[in-house]
Structure formats: C-alpha cells, structure tokens
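Engineer: Handing you a structure now.
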Amino acid sequence: MSESAITQAGRPILEEHFETLPAQEEARKLGMWVFLITEILFFGGLFATYTVYRELYLPGFTQGSHFIEVKWGAINTAVLIVSSLTMALAIRSVQVGKRKGTTLGLLGITMLLGVVFLCIKFILEWRVDYLHHHVPGINFDYAGPHAAHVKLFFLFYFYMTGLHAIHVIVGIGILLALSYLTWRGRFSPKYYSPIEVAGLYWHFVDIIWIFLFPLLYLIGGR
Amino acid sequence: MIQVFNFGIATAASLFFPLHPPAASTIAPQVDYLYYFLTAFTLFFTFLIFAFIFYFMVKYRRRSEDEVPEEVKVSIPLELTWTLIPTAICALIFFWGSSLFFRNARPPANSMEVFVVGKQWMWQLQHANGAREINELHVPLNVPVKLTMTSEDVIHDFFVPAFRVKEDVLPGRYTSIWFQATKLGSFMFECAQMCGAFHSSMHGEVIVMKPDDFAHWLATNAPSQTMSSAGGQLFSQLGCASCHQEDSSGKYPQLAGIYGHQVTLRNGARATVDEGFLRSAIVNPNSEPVAGYSVSMPSFQGQINEVQLLDLIAYIKTLGAARKEAAIQ
Amino acid sequence: MSVAVAELATRSRVHYLNESYGVKSWLLTTDHKRIAILYMVSITFMFLVGACAAALMRIQLLEPAGAIVQPETYNKLFSIHGIIMVWFFLIPSIPAVLGNFLIPMMIGARDVAFPKLNLLSWYIYIIGACFILYTLIYGGVDTGWTFYTPYSSTYSNSHVFGAAAGVFIVGFSSILTGLNFIVTVHKMRAPGMTWFRLPLFIWSLYATSIVLVLATPVLAITLSLMAMERFLHIGIFNPAIGGDPLLFQHLFWFYSHPAVYIMVLPAMGVISELVAAYSRRRVYGYAFVAFSSFAIALIAFLVWGHHMFVSGQSVYAGMVFSALSFLVAIPSGIKVFNWTATLYKGSNSYDAPMLYALGFLGLFTMGGLTGLFLASLSIDVHLHDTYFVIAHFHYIMVGGSVMAYMGGLHYWWPKMTGRLYPDKWARFAAFTIFIGFNLTFFPQYILGYLGMLRRYAVYPAQFQALNVLSSAGASILGVGYFIPLVYLIWSMRYGREAGPNPWRAKGLEWETASPPPRENFEETPIVTEEAYAYPTRPRAVRV
Ligand SMILES: [Cu+2]
Ligand SMILES: [Cu+2]
C-alpha cells in the first residue's frame, strides 16, 4: 500500500511502527543476519549428514564424485565470486550516489552471472547427469561397486546443489525487484538498506557454494 | 540413614501395590537401590518446595489491597548455596548411575550365548547348540547370559523388566545385553521400541530354570544341528568354502583363526574381527575391504536371512577355536 | 470500514478490537495483537483435536486388551496426539499467543519489527495445520511423533508424508516468529528500556527465539531426508539399502531436545511475571533468573544423546550426555528457588493466575527431579520408553507449560479483552486441573517402573488398576480444561470492565488502556525504572 504512494526520488520510507529511519534500517539488517544464521543451520544439518556418510562410505562417495566434472564446479565458483564483487560494487555505487545507470548496470551483471551459474548448473551439469542415468529416483542406473553409496552421493549432490540453486533463483528475483525500484529512483545515499540487505543474502549464497564445491567435487583427489 | 529411609518407603508403599517389578537379576537390586534413593530425594525436595510455598503463602498473604511488602535484599551466598548444593547432589547421582552402568556394560567372559532376531512382530531366539525358540527364552539360574541381537526389519527393543535390562535391536548391526538371573520362574520380556501395528503384542517370557533342568531342556530341544554345523553347511552351499577354505593361492583371506584378531583394512585402519565385522563382510563385503586382497567378493545381502547369518558367523568362530586348540596341543 | 469505526466510537473508545470489523480486517491484519488472537483461536482448536486423541487413548487403556480400537488405530491416536500437541499447540502456545501480544507492549513498541512477516508466520502455521488435519482425515499416521526410521521411511503404510510435510512447514512458522522476536527485542525497545530493565518474560522469550532459529532448520533437513528415503528408496536411514538408522535419531534429537526448552522456557518467563505481580515484589535474583535462561538454551543443544542411551551408542558417549543432562537441571533449579524466595515477605494474593503459577512450581519441580532419573544411565536403561518417561514429560509439558499458559492467559486476559472473568470459577478450574493432572500422571510414574511401555495398545493385566486410575484422573483434567473455555468466552461479552490495570501490576503493558489501542501507547513511553519496581518499605529493625 504505502510503497506505491512513494514517487519522489530517493525519499526514505519509514514504516509507521518504527521511530526513526536508522532504527528501521538496523532492524532490517539484523533480521537478515538472523535469517542467515538459520540458513547456516539449515545447510549445516545437511553438511553434517553428508560428512558422516562421506566418512562411512568414502569409496562410494569418491566414485560418485568422479562422475561429476570439476571443471564446471570450478568455473561456477569463479562466476559466483565475481558476482559477489559486482554486488558489492552495486551497493557501493548507491552508497556514494553514483548515477542510476551505474547501479543498474552492476545489478544487471550480478543477475546475469547468477543466470550463467544456473545455466552451467542445469544445462551443462544436471542434464548430462540425467543422460548418464545418475539421477536417483528418476533414472539412476549404475551397477559398479558401491552402487548404493554412489546413489546416496548423487542424492546429496542433487539435494545440496538443488537447494543452493533455489537460493540463487530467489536471489535473482530479489535483485530484479530491487533493479526495478532503483530504476524508479527509490534509493539514494540516504536510503539504500534493501540493497545492502540483499547483498548480505547474495554473499551468503556465494559462501555456501564455496563450501559445496570442495565437499562435492573434490573428494579423494583426482 | 538413607538405607533405612528407602527401605521404609519401599515397604510402606508395597503394602498397597508393588512399586517395582520382580528383581530377578544380579543388577536389579542395585538399580532399585539407586531408584529408591532418587525417589526419596525427589519426594524430599518436592515437599520442601511445597512446604516453603505453603508457609510463605499463608504467613505473607495479602492482608489489605494497599499493603506494601517489606524490602528483601538478594543474598549472593544464598544464590550460591542453592546452585552448589544441587550441583553436588547431581554429581553424586551421575557418578552412581554411571559407575553402575559402566560396571555392567561388558558381559563376563564365560557368558552363555543366545542369539536374538526380532522381526515384525515376533522374537526368534537361538541357542548355540541350535535349539530354537519363538517368544520364549529358557536360561539357567545364576549363569551369565549374553544376548546378541539384530532385527530383520525395523528397530525393535529387547526389554526384560525383571532383569532391568533393555537395548535397541537394530537392523543391519548387532547389539548385545547380558544378565544373570537370580530367581527361578518366568518373567516377561517386551518390545520397547514402537515397531508397527502389533508392537504391543511383541512380547514373550524368559523362563529361568535350575542348571540341571536347563541342561535337560536344552538336550531334549536340540535339533540335529548346532548353529555352527548349520553354518558350516551354508558355508559350502553358498560357495564360501571354495575361496576362503580350499584355495591356497593366497588370493583370498583364509578364515581359520580370524575371529577376535585384528586386521588391517585397505584404507590403513585397524579393525577387530567380531560378529559385527563378519556380518558386514558378508553382507557388504566392499565397504571395509581387508588390505592385501584385490579380488572383490559378491555381496550376500538379501540372499540369506539374519538367522542364517548368525549360523555362518558361529561357524567362522569355530574355525578359529579349532586352530587355537590345535596350537595348544 | 471506517463507517463502522465512527459508529462505534460514539459508544466507546477505539481500540485494536473495534477499530475495524469484518473477516478481511482480521485475515489481513498486521497488528501483533490481532495476530496473537488469530494464533489463540487456531491453537485452541488444535488443542481440542489433540485432546480428543488423548481422551480416546485413555479410554482404550481402561482394559488390558484395549477397550475400543484396534492397535493400528491406537498407534494413529498417539501419533496425532504427539504431533499436534508438540508442534501445533505447545511450541506456538506461549510465544505466538502471549509473546506476540506482549513483547511489543512490554518493551514499549508499536509492533514487532516485521509485522508482515508475523502474519506470514500465522499463514504458514495454518498451512501446516491443514496438512496435519488432511493426514488425520485421510487415515492418519502411525509412526509416533518421533518418526523413527526405518519404520517411518520404509515400513509404515500410513500417511507419513502428509504428517512430515505438516511438521516441516510449521517449522518455518516457528523460525520466522523467532527471528521477529530477536530483532524486536534488540531494536524496538522504548527509550530507557535497557536490557536489565526488561521483564523476565522478555529474557526467556529471547532465549527461546534463539533456540527456535538455531534448532528448527535441522528438523526440516532431517524430515526431508526421511521423506526422500520413503519416496525414492535411497538408503539414507534404512540399513537394508545402505543407510544408518541412528543418524536419524541423532539429527532428530538435536532438534527435539532443544524443542523441549522451546516449550518450557517461555513458561518460565510467564511464571516470573505472575509471581512478581501477585506477590507485589521484584523477582528475587533477577539476574540469576535471566541468565539461567541462557544457560538452559546453551546446554540444551548438547544433551540430545540422552534419548539414545539404549540405542547402542558407545558407553563413553552415554556418560558424556548423562553428565551434561545433569548440568542442564541446575539452572532450572535456580529458577525454582528464586521464584519461591520471591514469595518470602511478599504481599501474596490468591488470584487464579497465582494458583496456576504455584501449581507450576510444584509440578515443574516434580517433573524436573524425575528427569534426573532419566539422565542417570543405569536407571534410564530400565525406564527408557516406559510410562515413567511419559509421566516425566507431561509433568514438564502439561504441569509446567500448559499451567503457565493458562496462568498467563488469565493474567493478561483483561488486557487482551478488556474484561474480567469470574474469579471464583477461575480458581475452581485451576484447582480441578491440578487435581486431575496429578491423578492422571502420577500413577504413570509407578506404571513405568513396573515395566508398562509407552505406545502399547494392549498391556499386561497386572497394570490395569493404575491405568484405570490414570484414565479417571484424565476425565477430571478434561473437565478442568473445559471450564475456562466456557467462562473465558462468556466474559468477552458479560465480564466486568477491567480497566487498564486490574491487578495493580507493574510493567508497561499495564500502563495503557485495556484493550490497548492499535499503536499500543498513546505516546511512546520513556522508561525510568527497573522491572517490577513495586514499592517496598524498609526492613523493620528489631531492637
Ligand atoms: Cu518390536
Ligand atoms: Cu531430551
């Protein structure tokens, strides 16, 4: 309701239950931090389970890991790291009051890199896994040694990377909304907390991938 | 003091209804003793709190709407007292309970072995001489008995209230408990872990007999085969023998004397060959391969049931015993 | 909608209940007070469903061979009872109803930090509840609330997926509530409201929120893995296809032990408020009570293994978990002693909420001390999965948390509705609940030591006498819960006007009108004194 009422460029929006704007911004930032802590425990539970099984069934997990391509994992790591950089630059750009175009450009690159990440993930990796009959529950077919454990590895692989991909998609959605608001001139050096908070989220998603990459792709050396 | 108090509570209350199940094993009285101590402790503190509340509520009841109560300063020594005294009591109970648990964690070396397989919703029990029982377990008086247990399906739990022993019975691995019965008679055992529709009907009876009667019972119920001879038959039927016994090329591990020994695994770790190790070596041979052998063994998962597995393991154990005896002679 | 407001304003003051009318004004509200009421109605409904299941269970157990239903049905009864009471009643009860209503009022804020998120939490709760009710109507689930694998993931033929989905979803509701509370307490406090001026209710809900945010995601992961094994037949927890059944238990209890404290910490907060208000003095040892909540929240994460003493875990792991479990008892003990000491030289009244609080003190003490039996390794071997465990946690959860919820509801009812309930009936109900509760659950301690196992649809005949006693007690308990349902609803229309502060209690929530206006306070309060600043007279000097 109140959002559509605001048209003036860069006008801060104070929700009625907050006393001051800094209080509102701090609350949003803390809210995101607490949310990220929940997320850490969410992925953490998964990482812990994965680690236990990796210890128990190392040969099977090593075998499974050899079926996925380190190359793509490494490229995707680079893609996300660069996207974190452009995200940080986008925040910086609103903070110091650069032109709208600069901010929009940086947000655009960040989203584009997110899309590149997803394309590599889905088209160059998942699709190939599917063709190789590596998708548990759909077409898993592998008869070599440790078959049950390879299957378990792939279950974790799809669960963990899938959950992460959902986070990337949500992140792109948030950035899209923020780009629209930027274009409408909603943010200024005085008011940019939504972009800052979205940045926190984006960096977090990046960090999760930095843990996922070695956990899944680099088991037992090559 | 405490003993007298405990005894007092126990007898007074048991005039009306029993407070504990029959105590028919060596550890049962020890567990009961701690239990009554804890009961006395709980009742004492509950009454203490109730007494204080009652006293304060009556003595300091509100006498008028405008009453202003007297100031009370928080006393740090008092706070410390009611922190440290409970801590000390908790430490005492912890050491008591844990040492009792620890002392009884391992079965005595001379225990008689019985094998238990739980499945929805019955208990299969088997003695070393091959005698089998369903939902009944005959044991001799005053002899330690070790149960090695596993499940065909879900998690069950073997619980003998009169012996104060209980342990989950898991699929895919062995757990064990032991007891030494001290009273003749029959005592119920129950499944304590929710295992499906007829979970509450999954019970049976332990029948404690005089050793002579038990020996007689065992002899009359003995089948033509002991567990290990049934296992020996399986050993050749399933083709285990061709690699693990008759082949002398050194390509396959030879099993004589292997039980109870340590082996080195391919990943460098050391493992002791016990029932659990043998079980997973048969069912899941490539999960923990032994170093020095490159040929992989086919898995027997799904081809033999838990009872047959126990037979096979019993047979492999005798291979070791035979060699040891030969060495002594 | 403003027409209705204007019309009513001529008759009485505008407050949060009458500022707007209609279903939409409730379903789209972002007012924390209205959301609290939405939660109150929803959890009361779920409580009634869970209570019906409990009633049928107690009837079944009147006879050793089972009085009314087949064992399969009985398994579904206790499963739905556990699932509903834990996730759809106890966990949201005090936080989502009393916490939602009171946290902003107690710290002098206009609302919680994220009002829309708050409404979203309620909708997530409702979606979760729909899954559970769907499961119930279409045949039920029979795994128990613990969903142990491989039974749940492979062998059960019931609606495991629906139930697990309901629990999975409602977890996000808890997480968002916890998040909202943490930020609210940090960032929304009125000027002058320092941390050490906060009421103890806020401290304990803050500790609870931390546990909610940290523990609940692990439950979500655990249940999702279980559901995947069930659907995709991949060996995660079922050893027959290569999984590990104990890992499920570790993960489940890593959440579910802290969940016990999610249920009881808020109750402790309520008791602090009640004891202070009805003895008209500051809670004795304020700092000790406040910090003990954090000690509990911290240690709660380290004791999950005490649910697995007989699951085949190593002897040494058992000893560590046992020692830590004893440790977590200490801060609870500190609280009980401090509350009792608050009564010393107080101006103690016998109002109904105080009776609930005193009931809590006794029952919680009993429940906590019997927890020591279960923390003690060799006793737990015998008591594990028996009725002793059932009695123990009902003393904590019902004797503790539900008593506190009822006490809190009575204490703040005049604030929430602006009306007073008939005090005589309220006291009678508190008394009935106390008696009924003890009759129901005390016999279960004895049954447990005798060897009566939980989740048994049929049982050995020698346990019948105590079971009948327990069922009889349950009927009294049922009546005890029914009475408040009647007079509280009655009071909303016919109760006396309460006025802003009927108990003459301290605390910001009592400084505004009852029911409060939409923004809680006419103007933002400025806090200048400690919590519970009741006047005292100097110590009498004896000559
Ligand atoms: Cu069973
Ligand atoms: Cu626990």
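By convention here, the chains of the structure tokens are called A, B, ... in the order presented, each chain's residues are numbered starting at 1, and ligands are numbered starting at 1 in the order presented.
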Counting only C-alpha atoms, what is within 8 Å of Val208 (chain B), bar same-chain residues fewer than 6 positions away, as an mmCIF file with N, CA, C and O atoms, in the first residue's frame?
Structural biologist:
data_model
loop_
_atom_site.group_PDB
_atom_site.id
_atom_site.type_symbol
_atom_site.label_atom_id
_atom_site.label_comp_id
_atom_site.auth_asym_id
_atom_site.auth_seq_id
_atom_site.Cartn_x
_atom_site.Cartn_y
_atom_site.Cartn_z
ATOM 1 N N HIS B 138 14.631 -69.844 27.400
ATOM 2 C CA HIS B 138 14.987 -70.632 28.570
ATOM 3 C C HIS B 138 16.431 -70.336 28.924
ATOM 4 O O HIS B 138 17.308 -70.367 28.061
ATOM 5 N N VAL B 139 16.650 -70.013 30.191
ATOM 6 C CA VAL B 139 18.028 -69.762 30.635
ATOM 7 C C VAL B 139 18.253 -70.430 31.985
ATOM 8 O O VAL B 139 17.311 -70.630 32.755
ATOM 9 N N PRO B 140 19.505 -70.754 32.258
ATOM 10 C CA PRO B 140 19.807 -71.361 33.561
ATOM 11 C C PRO B 140 19.959 -70.292 34.641
ATOM 12 O O PRO B 140 20.316 -69.143 34.346
ATOM 13 N N LEU B 141 19.693 -70.698 35.866
ATOM 14 C CA LEU B 141 19.822 -69.807 37.018
ATOM 15 C C LEU B 141 21.304 -69.534 37.296
ATOM 16 O O LEU B 141 22.140 -70.433 37.146
ATOM 17 N N ALA B 181 20.393 -64.311 35.813
ATOM 18 C CA ALA B 181 19.139 -64.458 36.550
ATOM 19 C C ALA B 181 19.412 -64.988 37.945
ATOM 20 O O ALA B 181 20.274 -65.847 38.138
ATOM 21 N N LYS B 183 16.574 -65.589 40.127
ATOM 22 C CA LYS B 183 15.349 -66.185 40.663
ATOM 23 C C LYS B 183 14.773 -67.157 39.655
ATOM 24 O O LYS B 183 14.808 -66.889 38.450
ATOM 25 N N LEU B 184 14.225 -68.256 40.145
ATOM 26 C CA LEU B 184 13.552 -69.199 39.256
ATOM 27 C C LEU B 184 12.186 -68.643 38.890
ATOM 28 O O LEU B 184 11.612 -67.846 39.633
ATOM 29 N N GLY B 185 11.664 -69.067 37.755
ATOM 30 C CA GLY B 185 10.316 -68.632 37.400
ATOM 31 C C GLY B 185 10.307 -68.046 36.004
ATOM 32 O O GLY B 185 11.310 -68.103 35.294
ATOM 33 N N SER B 186 9.171 -67.494 35.635
ATOM 34 C CA SER B 186 9.130 -66.898 34.303
ATOM 35 C C SER B 186 8.852 -65.407 34.412
ATOM 36 O O SER B 186 8.073 -64.965 35.255
#
Engineer: Taking the DSSP assignment computed from this structure's backbone, write out as a PyMOL selection string all residues of region 1-166 of chain B that belong to alpha helix (DSSP H).
Structural biologist: chain B and resi 2-14+28-59+76-103
Engineer: I'd like a table as a Markdown table: residues in chain C with an atom no more than 12 Å from ligand 1, each row giving the shortest atom pair and its distance in Å to one decimal, only C-alpha atoms and all ligand atoms counted, sorted by chain and rising residue number.
Structural biologist:
| residue | atom | partner | partner_atom_place_in_ligand_line | distance |
| --- | --- | --- | --- | --- |
| C:Tyr151 | CA | ligand 1 | 1 (Cu) | 10.5 |
| C:Leu453 | CA | ligand 1 | 1 (Cu) | 11.7 |
| C:Arg455 | CA | ligand 1 | 1 (Cu) | 11.1 |
| C:Tyr456 | CA | ligand 1 | 1 (Cu) | 10.8 |
Engineer: Could you save the residues just selected, with N, CA and C atoms, as a PDB file, in the first residue's frame?
Structural biologist:
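Listing of result17.pdb after writing:
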ATOM      1  N   TYR C 151      11.266 -47.436  10.288  1.00  0.00           N
ATOM      2  CA  TYR C 151       9.825 -47.692  10.273  1.00  0.00           C
ATOM      3  C   TYR C 151       9.095 -46.644   9.442  1.00  0.00           C
ATOM      4  N   LEU C 453       5.037 -50.198  29.031  1.00  0.00           N
ATOM      5  CA  LEU C 453       5.700 -49.448  27.968  1.00  0.00           C
ATOM      6  C   LEU C 453       4.768 -48.470  27.286  1.00  0.00           C
ATOM      7  N   ARG C 455       3.233 -46.377  24.059  1.00  0.00           N
ATOM      8  CA  ARG C 455       2.808 -46.777  22.716  1.00  0.00           C
ATOM      9  C   ARG C 455       2.302 -48.214  22.678  1.00  0.00           C
ATOM     10  N   TYR C 456       1.735 -48.659  23.813  1.00  0.00           N
ATOM     11  CA  TYR C 456       1.168 -50.005  23.879  1.00  0.00           C
ATOM     12  C   TYR C 456      -0.350 -49.918  23.803  1.00  0.00           C
TER      13      TYR C 456
END
Engineer: Report as a PyMOL selection string which protein, DNA and RNA residues come within 6 Å of ligand 2, using only C-alpha atoms and all ligand atoms.
Structural biologist: chain C and resi 257+304+307
Engineer: Mind dumping the selected residues with N, CA and C atoms as a compact mmCIF listing (two decimals), in the first residue's frame?
Structural biologist:
# COMPACT_ATOMS: atom_id res chain seq x y z
N HIS C 257 15.48 -32.22 21.47
CA HIS C 257 15.73 -31.87 22.88
C HIS C 257 15.64 -30.37 23.09
N TRP C 304 21.37 -34.07 23.51
CA TRP C 304 20.41 -34.88 22.78
C TRP C 304 20.63 -36.39 22.95
N HIS C 307 18.54 -39.30 24.81
CA HIS C 307 17.39 -40.05 24.28
C HIS C 307 17.85 -41.36 23.65
Engineer: Using only C-alpha atoms, which of the listed residues (B:Ala215, B:Val143, B:Leu137, B:Val283) sits closest to chain C?
Structural biologist: B:Val283
Engineer: Give me the residues near Arg54 (chain A) as a ChimeraX atom specification, where near means some atom within 10 Å (using only C-alpha atoms) and where sequence neighbours in that chain fewer than 5 positions away do not count.
Structural biologist: /A:48-49,59-62,149,152-153,215-216,219
Engineer: Residues of chain A within 8 Å of chain C, using only C-alpha atoms, as a list in words?
Structural biologist: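 Applying the cut-off to the listed atoms yields His17, Phe18, Ala23, Glu26, Ala27, Leu30, Gly31, Val34, Phe35, Ile37, Thr38, Glu39, Leu41, Phe42, Gly44, Gly45, Leu46, Thr49, Pro136, Gly137, Ala148, His149, Lys151, Leu152 and Leu155 of chain A.
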Engineer: May I have the residues within 8 Å of region 198-206 of chain C as number ranges by chain, using only C-alpha atoms and disregarding those fewer than 2 positions away in the same chain?
Structural biologist: C: 95, 99, 103, 106-107, 181-182, 185, 193-196, 208-210, 265-266, 268-270, 272-273, 286, 289-290, 293-294, 507, 530-532
Engineer: Within 12 Å of Met263 (chain C), counting only C-alpha atoms, which residues show up once you throw out same-chain ones fewer than 4 positions away? Write them as JSON, numbers by chain, please.
Structural biologist: {"C": [85, 86, 87, 88, 89, 90, 91, 92, 93, 94, 95, 96, 174, 204, 205, 207, 208, 209, 211, 212, 256, 257, 258, 259, 267, 268, 269, 270, 297, 393, 394, 396, 397, 398, 399, 400, 401, 402, 403, 404, 405]}
